[in-house]
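Asker: Take a look at the following structure, please.
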Amino acid sequence: MTFHSEGSLSASRRTDAGSTADHSKFEQLQGPFTSGPDVTRACLECHTEADDQFMESIHWTWEYRHPETDQLLGKRHLVNNFCTNARGNEGMCAQCHTGYNWENNQFDFTRAENIDCLICHDRTGSYYRPPPTKGNEACSIMFEGKEPFDWARVAQDVGQPGRENCGVCHFFGGGGDGVKHGDLDSSLGAPPRALDVHMDAEGLNFPCTQCHVTEKHLWAGSRYNVVARDTGGTGKPGMRRDVATCESCHGTAPHANTEAAGLKLNDHVDRVACQTCHIPAMARGGVATMTFWDWRTAGRTRDGVAYKEKNYTQGNGEHRATYKTIKGSFEYDENIVPRYAWFDGRMIYTTIDTRFDPDDAPIPINRFEGAANDPGARIWPFKRMHSVQPYDKGKNTLVYMHLWGDDPDAFWGNYDFGRAIARGMEKNDIPYSGEHGFIETYSYWPTTHMVAPKEEALACAACHSDNGRLADLGGFYLPGRDGRWTDWIGLLLVGGSLAAVLLHTLLRLISAARRRAT
C-alpha cells in the first residue's frame, strides 16, 4: 500500500523561519516520553491557549457546516471517489488527522492531550504517524523498515510548519503521492522556479503558511468554501488574514498599468481567475496524478495472495501502481491541461443521504456553481477525477465501506464488497438495501498551486482562438473564438477610428503649417 509516510521529504529540505526559543533547553521537554499525548501535555504547559484554539480548526474537527448551503461537510461525513470514505476507517485514515488514538467513532474531541502538536511542528524530519489500529494481513507491511524515533528529540526540535509538514498529508492524500490533487505532490518539497514561482527552493521558498496565513491556529483557505472572486485585494494595513487568494497579496490590478497589455490583462481579473492563466498545466513536476480509479477490478489475487502491478513510469522515473488487489485499477497522467468552468466558489456535495438517478451517471461527487452572467463567478481551472465505485443499488445512494480492520468484514482482507458495505453502513447506523452495484462518478478539484513564472503564463491565443482552451465554455462572447465576422467588423471599426484620428491630426498639422507660411 502507499501511505503518506512513503517518500517523505528529507530533513535536509527542512528550514525554519527562526524561533525565539530553543526548545531543547525547556525542562518540560526533556522527557522521557512514551507517547504523543505525553508530549502534548508538556507543550500545553507553556502554550496554554493552543488547545482551545486548535479545537476550532477543521484540521481537528474534520467537520464543516457550509454557511450558505447548510450541508454538513468534512472528512467525517463525506464520500469521495478515491478511498471512498474516512468515516468508519479511522484506524487507517486518522494517520492524517491532527490527533492521537482516533480508532473509531468514539473518539473524544474534547481531550486536549489527543492533539498532535508534532505533525505540524516537527523539524527533525524523523517523525511519522503509524495507523492507530491494526489492519488485515494485506496491510501488515505498511511500516516495515521504518526507523523508530525519539519522542524527546522530536519534541525539542520544533518550529513553524514547513511545506514538508503540510505535504506529509496534503501531497499524499487519496492514497499516494499526487493521487488526489493535480497541483499538490512531493515535487513541491524543493521545487525549481519553473514548477512553482512562490515555492522555488532557490528563490522565494514560501512555506504553505505564507498564503494560508494563520491566526490562533485557524488557517485561511478552504476547499469547502472557496473565495472565487476576491474584491478586497490586499487590504490595509498589511496582509489580510482571512483569505488565501492571489489578490490578498497581489491586489486586484496585479499587472503593470504602464502599458496597454497590462491594462488589458487587468481588465480580465474580474472574469478570469489568476490561476487560469498562471497555471498552464497540472502534475508537471515529474509526479503523476491519478485520473481514473476503477473499484470493480479490486479483489483479484494470485494464488490467493494480494498483488500489485506497476505499469506506469512517471516523469521522475518512479513506477506507479496501475493495479492493486485492495483497490482496483488506476490511470495516471502528467502535464495535464485543466478543465475550465465558471465558478462562484460554491461546491454542492453528494453526501451519503443524497439520492440520485443512476441513469444520470457519471454522478458528481461534488459539483460547482457559477455562470457567465453571474457577477460573482470567474473562469477557473479544475482537475476532474473519474471513478467507478460501489453504491446502494436499492436506495440509489453512495455507501460507506468498511475497508480497514483486523476482522473478517474488512474489505482489505476479505475482498467481499457486500460484506464490507453492509458493515460500513451498519457501523454508522445508516440503512442499507443489501444490494450494491457500481456507478461512475466525477469529482472536481480547483487548481491553485504550481504557479508558473509570469513568462510562462498563457498567451492570449491560448484562449482567444477557434480551438483554444475555452473552446467548450459557453454563455459568453469570446473574441477570436466566436463570430469571425463580428471580430473583423470590430477590427475595421477600431482601424477606421484610428485612421480617422490620424487623418484629422494630419489635416490639423497641414492647416497649421499653411497658416505659418502666410
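Residues in the C-alpha cells are named by chain (A, B, ... in the order shown) and by number from 1 within that chain; ligands are numbered from 1 in the order shown.
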Can you pull out every residue within 8 Å of Ile326 of chain A, counting only C-alpha atoms, but drop anything in the same chain fewer than 2 positions away, and send it as a PyMOL selection string?

Answerer: chain A and resi 138+298-299+306+324+328+411-413+415

Asker: I need the residues from that last selection saved to file as an mmCIF file, in the first residue's frame (with N, CA, C and O atoms), if you can.

Answerer:
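Dumped everything to selection_13.cif:
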data_model
loop_
_atom_site.group_PDB
_atom_site.id
_atom_site.type_symbol
_atom_site.label_atom_id
_atom_site.label_comp_id
_atom_site.auth_asym_id
_atom_site.auth_seq_id
_atom_site.Cartn_x
_atom_site.Cartn_y
_atom_site.Cartn_z
ATOM 1 N N ALA A 138 -3.183 -8.144 4.500
ATOM 2 C CA ALA A 138 -2.821 -7.478 3.252
ATOM 3 C C ALA A 138 -2.189 -6.114 3.502
ATOM 4 O O ALA A 138 -1.493 -5.576 2.642
ATOM 5 N N ALA A 298 -11.083 -4.638 -8.107
ATOM 6 C CA ALA A 298 -10.431 -4.961 -6.837
ATOM 7 C C ALA A 298 -10.776 -6.384 -6.398
ATOM 8 O O ALA A 298 -11.846 -6.907 -6.698
ATOM 9 N N GLY A 299 -9.850 -7.012 -5.715
ATOM 10 C CA GLY A 299 -10.092 -8.342 -5.164
ATOM 11 C C GLY A 299 -9.420 -9.475 -5.898
ATOM 12 O O GLY A 299 -9.446 -10.617 -5.426
ATOM 13 N N ALA A 306 -2.655 -11.168 -2.351
ATOM 14 C CA ALA A 306 -2.807 -9.854 -2.964
ATOM 15 C C ALA A 306 -1.539 -9.473 -3.724
ATOM 16 O O ALA A 306 -0.432 -9.866 -3.361
ATOM 17 N N LYS A 324 -3.928 -2.671 -7.886
ATOM 18 C CA LYS A 324 -3.703 -3.196 -6.541
ATOM 19 C C LYS A 324 -4.907 -4.049 -6.163
ATOM 20 O O LYS A 324 -6.051 -3.629 -6.371
ATOM 21 N N GLY A 328 -8.090 -1.914 -6.811
ATOM 22 C CA GLY A 328 -8.546 -1.977 -8.199
ATOM 23 C C GLY A 328 -7.550 -1.389 -9.174
ATOM 24 O O GLY A 328 -6.340 -1.392 -8.936
ATOM 25 N N PHE A 411 -12.830 -5.073 3.909
ATOM 26 C CA PHE A 411 -12.578 -5.377 2.503
ATOM 27 C C PHE A 411 -11.096 -5.593 2.243
ATOM 28 O O PHE A 411 -10.728 -6.438 1.419
ATOM 29 N N TRP A 412 -10.239 -4.815 2.910
ATOM 30 C CA TRP A 412 -8.801 -5.009 2.731
ATOM 31 C C TRP A 412 -8.362 -6.230 3.529
ATOM 32 O O TRP A 412 -7.591 -6.157 4.466
ATOM 33 N N GLY A 413 -8.872 -7.350 3.100
ATOM 34 C CA GLY A 413 -8.594 -8.633 3.726
ATOM 35 C C GLY A 413 -9.497 -9.707 3.168
ATOM 36 O O GLY A 413 -9.053 -10.788 2.804
ATOM 37 N N TYR A 415 -11.970 -8.933 0.559
ATOM 38 C CA TYR A 415 -12.295 -8.569 -0.831
ATOM 39 C C TYR A 415 -13.739 -8.881 -1.191
ATOM 40 O O TYR A 415 -14.069 -9.210 -2.326
#

Asker: In segment 284-376 of chain A, what's strand (DSSP E) per DSSP? Answer as a PyMOL selection string?

Answerer: chain A and resi 289-294+308-309+312-313+319-320+323-324+328-333+339-343+347-349+363-364+366-368

Asker: Could you check the closest approach to Asn81 of chain A for each of A:His198, A:Arg384, A:Arg320, A:Arg153 and tell me which residue wins, using only C-alpha atoms?

Answerer: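 Looking at the shortest contact to Asn81 of chain A, the residue is A:Arg384.
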
Asker: Report as CSV: every residue of segment 168-260 of chain A with an atom at most 9 Å from segment 279-293 of chain A, its closest pair of atoms, and their distance in Å to one decimal, counting only C-alpha atoms, with rows sorted by chain and ascending residue number.

Answerer:
residue,atom,partner,partner_atom,distance
A:Asp177,CA,A:Val287,CA,7.4
A:Gly178,CA,A:Thr289,CA,4.9
A:Val179,CA,A:Met290,CA,4.8
A:Lys180,CA,A:Met290,CA,6.7
A:His181,CA,A:Thr289,CA,6.9
A:Gly182,CA,A:Ala283,CA,5.2
A:Asp183,CA,A:Met282,CA,5.5
A:Leu184,CA,A:Ala283,CA,7.8
A:Asp185,CA,A:Val287,CA,6.8
A:Ser186,CA,A:Val287,CA,7.4
A:Ser187,CA,A:Gly285,CA,5.5
A:Leu188,CA,A:Gly285,CA,7.7
A:Pro191,CA,A:Gly285,CA,7.8
A:Pro192,CA,A:Gly285,CA,9.0
A:Leu195,CA,A:Gly285,CA,6.2

Asker: Show me, as a ChimeraX atom specification, the residues that have an atom within 12 Å of Asp406 of chain A when counting only C-alpha atoms, minus same-chain residues fewer than 6 positions from it.

Answerer: /A:89,91-92,133-140,412-414

Asker: Residues of the last selection are to be written out with all heavy atoms, as a CSV table (one decimal), in the first residue's frame.

Answerer:
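So again.csv came out as:
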chain,number,residue,atom,x,y,z
A,89,ASN,N,-13.3,4.2,8.8
A,89,ASN,CA,-12.0,3.7,8.6
A,89,ASN,C,-10.9,4.5,9.3
A,89,ASN,O,-9.8,4.7,8.8
A,89,ASN,CB,-11.7,3.7,7.0
A,89,ASN,CG,-12.6,2.7,6.3
A,89,ASN,OD1,-12.7,1.5,6.7
A,89,ASN,ND2,-13.3,3.2,5.3
A,91,GLY,N,-9.1,3.9,11.7
A,91,GLY,CA,-7.9,3.2,12.0
A,91,GLY,C,-6.8,3.3,11.0
A,91,GLY,O,-5.6,3.1,11.3
A,92,MET,N,-7.2,3.7,9.8
A,92,MET,CA,-6.2,4.0,8.7
A,92,MET,C,-6.1,5.5,8.4
A,92,MET,O,-5.1,6.1,8.4
A,92,MET,CB,-6.5,3.2,7.5
A,92,MET,CG,-5.5,3.4,6.3
A,92,MET,SD,-5.9,4.7,5.2
A,92,MET,CE,-7.4,4.1,4.5
A,133,THR,N,-4.9,1.7,14.6
A,133,THR,CA,-5.3,0.3,14.8
A,133,THR,C,-4.7,-0.6,13.8
A,133,THR,O,-4.1,-0.1,12.8
A,133,THR,CB,-6.9,0.2,14.7
A,133,THR,OG1,-7.3,0.5,13.4
A,133,THR,CG2,-7.6,1.1,15.7
A,134,LYS,N,-4.8,-1.9,14.0
A,134,LYS,CA,-4.2,-2.9,13.1
A,134,LYS,C,-5.1,-3.2,11.9
A,134,LYS,O,-6.3,-3.3,12.1
A,134,LYS,CB,-3.9,-4.1,13.9
A,134,LYS,CG,-3.2,-5.2,13.2
A,134,LYS,CD,-2.9,-6.4,14.1
A,134,LYS,CE,-2.2,-7.5,13.3
A,134,LYS,NZ,-2.0,-8.7,14.1
A,135,GLY,N,-4.5,-3.4,10.8
A,135,GLY,CA,-5.2,-3.8,9.6
A,135,GLY,C,-5.1,-5.3,9.4
A,135,GLY,O,-4.4,-6.0,10.1
A,136,ASN,N,-5.7,-5.8,8.3
A,136,ASN,CA,-5.6,-7.2,7.9
A,136,ASN,C,-4.2,-7.5,7.4
A,136,ASN,O,-3.4,-6.6,7.2
A,136,ASN,CB,-6.7,-7.5,6.9
A,136,ASN,CG,-7.9,-8.3,7.6
A,136,ASN,OD1,-7.7,-9.2,8.3
A,136,ASN,ND2,-9.1,-7.8,7.3
A,137,GLU,N,-4.0,-8.8,7.1
A,137,GLU,CA,-2.7,-9.2,6.6
A,137,GLU,C,-2.2,-8.5,5.4
A,137,GLU,O,-1.1,-8.2,5.2
A,137,GLU,CB,-2.7,-10.7,6.4
A,137,GLU,CG,-1.4,-11.3,6.0
A,137,GLU,CD,-1.4,-12.8,5.7
A,137,GLU,OE1,-2.5,-13.4,6.0
A,137,GLU,OE2,-0.4,-13.4,5.3
A,138,ALA,N,-3.2,-8.1,4.5
A,138,ALA,CA,-2.8,-7.5,3.3
A,138,ALA,C,-2.2,-6.1,3.5
A,138,ALA,O,-1.5,-5.6,2.6
A,138,ALA,CB,-4.1,-7.3,2.4
A,139,CYS,N,-2.4,-5.5,4.7
A,139,CYS,CA,-1.9,-4.2,5.0
A,139,CYS,C,-0.8,-4.3,6.1
A,139,CYS,O,-0.5,-3.2,6.6
A,139,CYS,CB,-3.1,-3.3,5.5
A,139,CYS,SG,-4.5,-3.3,4.3
A,140,SER,N,-0.3,-5.4,6.4
A,140,SER,CA,0.5,-5.6,7.6
A,140,SER,C,1.9,-5.1,7.4
A,140,SER,O,2.7,-4.9,8.3
A,140,SER,CB,0.6,-7.0,8.0
A,140,SER,OG,1.1,-7.8,7.0
A,412,TRP,N,-10.2,-4.8,2.9
A,412,TRP,CA,-8.8,-5.0,2.7
A,412,TRP,C,-8.4,-6.2,3.5
A,412,TRP,O,-7.6,-6.2,4.5
A,412,TRP,CB,-8.0,-3.8,3.2
A,412,TRP,CG,-8.3,-2.6,2.2
A,412,TRP,CD1,-8.8,-2.7,0.9
A,412,TRP,CD2,-8.0,-1.2,2.4
A,412,TRP,NE1,-8.8,-1.5,0.3
A,412,TRP,CE2,-8.4,-0.5,1.2
A,412,TRP,CE3,-7.5,-0.5,3.5
A,412,TRP,CZ2,-8.3,0.8,1.1
A,412,TRP,CZ3,-7.4,0.9,3.4
A,412,TRP,CH2,-7.8,1.5,2.2
A,413,GLY,N,-8.9,-7.3,3.1
A,413,GLY,CA,-8.6,-8.6,3.7
A,413,GLY,C,-9.5,-9.7,3.2
A,413,GLY,O,-9.1,-10.8,2.8
A,414,ASN,N,-10.8,-9.4,3.0
A,414,ASN,CA,-11.7,-10.4,2.5
A,414,ASN,C,-12.1,-10.2,1.1
A,414,ASN,O,-12.6,-11.1,0.4
A,414,ASN,CB,-13.0,-10.5,3.4
A,414,ASN,CG,-13.9,-9.2,3.3
A,414,ASN,OD1,-13.8,-8.4,2.4
A,414,ASN,ND2,-14.7,-9.1,4.3

Asker: With only C-alpha atoms as the atoms that count, which of A:Asn396, A:Asn266, A:Asn428, A:Thr124 lies nearest to Thr354 of chain A?

Answerer: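 With only C-alpha atoms as the atom set, the closest residue is A:Asn396.
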
Asker: Against segment 105-117 of chain A, which residues of segment 34-82 of chain A fall within 9 Å? For each one I want the closest pair of atoms and the distance in Å (one decimal), counting only C-alpha atoms, rows by chain and increasing residue number, as CSV.

Answerer:
residue,atom,partner,partner_atom,distance
A:Gly36,CA,A:Asp116,CA,6.7
A:Pro37,CA,A:Glu113,CA,4.8
A:Asp38,CA,A:Glu113,CA,7.4
A:Val39,CA,A:Cys117,CA,8.2
A:Thr40,CA,A:Glu113,CA,5.5
A:Arg41,CA,A:Glu113,CA,5.7
A:Cys43,CA,A:Cys117,CA,7.9
A:Leu44,CA,A:Glu113,CA,8.6
A:Asp51,CA,A:Ala112,CA,5.8
A:Asp52,CA,A:Ala112,CA,8.0
A:Phe54,CA,A:Ile115,CA,8.3
A:Met55,CA,A:Phe109,CA,7.7
A:Trp60,CA,A:Ile115,CA,7.9
A:Thr61,CA,A:Phe109,CA,7.5

Asker: Please identify all polymer residues within 10 Å of Glu426 of chain A, counting only C-alpha atoms, omitting same-chain residues fewer than 3 positions from it, and present them as a ChimeraX atom specification.

Answerer: /A:88,400-402,420-423,429-432

Asker: I need the residues in segment 92-199 of chain A that are alpha helix (DSSP H) according to DSSP; give them as a PDB file with N, CA and C atoms, in the first residue's frame.

Answerer:
ATOM      1  N   MET A  92      -7.162   3.715   9.751  1.00  0.00           N
ATOM      2  CA  MET A  92      -6.160   3.992   8.730  1.00  0.00           C
ATOM      3  C   MET A  92      -6.124   5.470   8.385  1.00  0.00           C
ATOM      4  N   CYS A  93      -7.291   6.059   8.138  1.00  0.00           N
ATOM      5  CA  CYS A  93      -7.358   7.447   7.652  1.00  0.00           C
ATOM      6  C   CYS A  93      -6.866   8.446   8.688  1.00  0.00           C
ATOM      7  N   LEU A 118       3.090  17.642  17.044  1.00  0.00           N
ATOM      8  CA  LEU A 118       4.302  17.346  16.281  1.00  0.00           C
ATOM      9  C   LEU A 118       4.049  17.194  14.793  1.00  0.00           C
ATOM     10  N   ILE A 119       2.858  16.764  14.415  1.00  0.00           N
ATOM     11  CA  ILE A 119       2.616  16.517  12.996  1.00  0.00           C
ATOM     12  C   ILE A 119       2.771  17.799  12.178  1.00  0.00           C
ATOM     13  N   CYS A 120       2.515  18.955  12.809  1.00  0.00           N
ATOM     14  CA  CYS A 120       2.688  20.238  12.118  1.00  0.00           C
ATOM     15  C   CYS A 120       3.999  20.924  12.475  1.00  0.00           C
ATOM     16  N   HIS A 121       4.559  20.655  13.657  1.00  0.00           N
ATOM     17  CA  HIS A 121       5.694  21.448  14.146  1.00  0.00           C
ATOM     18  C   HIS A 121       7.009  20.692  14.212  1.00  0.00           C
ATOM     19  N   TRP A 151      10.903  10.421  20.974  1.00  0.00           N
ATOM     20  CA  TRP A 151       9.880  11.417  21.274  1.00  0.00           C
ATOM     21  C   TRP A 151      10.496  12.698  21.812  1.00  0.00           C
ATOM     22  N   ALA A 152      11.456  12.580  22.734  1.00  0.00           N
ATOM     23  CA  ALA A 152      12.040  13.771  23.348  1.00  0.00           C
ATOM     24  C   ALA A 152      12.814  14.596  22.330  1.00  0.00           C
ATOM     25  N   ARG A 153      13.567  13.933  21.462  1.00  0.00           N
ATOM     26  CA  ARG A 153      14.333  14.670  20.453  1.00  0.00           C
ATOM     27  C   ARG A 153      13.411  15.438  19.520  1.00  0.00           C
ATOM     28  N   VAL A 154      12.329  14.796  19.092  1.00  0.00           N
ATOM     29  CA  VAL A 154      11.385  15.465  18.209  1.00  0.00           C
ATOM     30  C   VAL A 154      10.720  16.639  18.930  1.00  0.00           C
ATOM     31  N   ALA A 155      10.346  16.428  20.188  1.00  0.00           N
ATOM     32  CA  ALA A 155       9.683  17.489  20.942  1.00  0.00           C
ATOM     33  C   ALA A 155      10.594  18.688  21.146  1.00  0.00           C
ATOM     34  N   GLN A 156      11.894  18.464  21.244  1.00  0.00           N
ATOM     35  CA  GLN A 156      12.837  19.549  21.478  1.00  0.00           C
ATOM     36  C   GLN A 156      13.232  20.282  20.207  1.00  0.00           C
ATOM     37  N   ARG A 163       6.714  23.371   4.336  1.00  0.00           N
ATOM     38  CA  ARG A 163       5.924  22.685   3.303  1.00  0.00           C
ATOM     39  C   ARG A 163       5.874  21.187   3.539  1.00  0.00           C
ATOM     40  N   GLU A 164       6.978  20.640   4.064  1.00  0.00           N
ATOM     41  CA  GLU A 164       7.024  19.198   4.284  1.00  0.00           C
ATOM     42  C   GLU A 164       6.052  18.764   5.367  1.00  0.00           C
ATOM     43  N   ASN A 165       5.812  19.621   6.358  1.00  0.00           N
ATOM     44  CA  ASN A 165       4.830  19.271   7.380  1.00  0.00           C
ATOM     45  C   ASN A 165       3.435  19.173   6.781  1.00  0.00           C
ATOM     46  N   CYS A 166       3.054  20.188   6.009  1.00  0.00           N
ATOM     47  CA  CYS A 166       1.741  20.155   5.358  1.00  0.00           C
ATOM     48  C   CYS A 166       1.691  19.052   4.306  1.00  0.00           C
ATOM     49  N   GLY A 167       2.797  18.895   3.591  1.00  0.00           N
ATOM     50  CA  GLY A 167       2.824  17.955   2.475  1.00  0.00           C
ATOM     51  C   GLY A 167       2.727  16.504   2.877  1.00  0.00           C
ATOM     52  N   VAL A 168       3.136  16.165   4.112  1.00  0.00           N
ATOM     53  CA  VAL A 168       3.100  14.762   4.508  1.00  0.00           C
ATOM     54  C   VAL A 168       1.682  14.208   4.423  1.00  0.00           C
ATOM     55  N   CYS A 169       0.681  15.074   4.520  1.00  0.00           N
ATOM     56  CA  CYS A 169      -0.704  14.643   4.304  1.00  0.00           C
ATOM     57  C   CYS A 169      -1.263  15.161   2.984  1.00  0.00           C
ATOM     58  N   HIS A 170      -1.068  16.449   2.707  1.00  0.00           N
ATOM     59  CA  HIS A 170      -1.725  17.038   1.547  1.00  0.00           C
ATOM     60  C   HIS A 170      -1.067  16.626   0.219  1.00  0.00           C
TER      61      HIS A 170
END
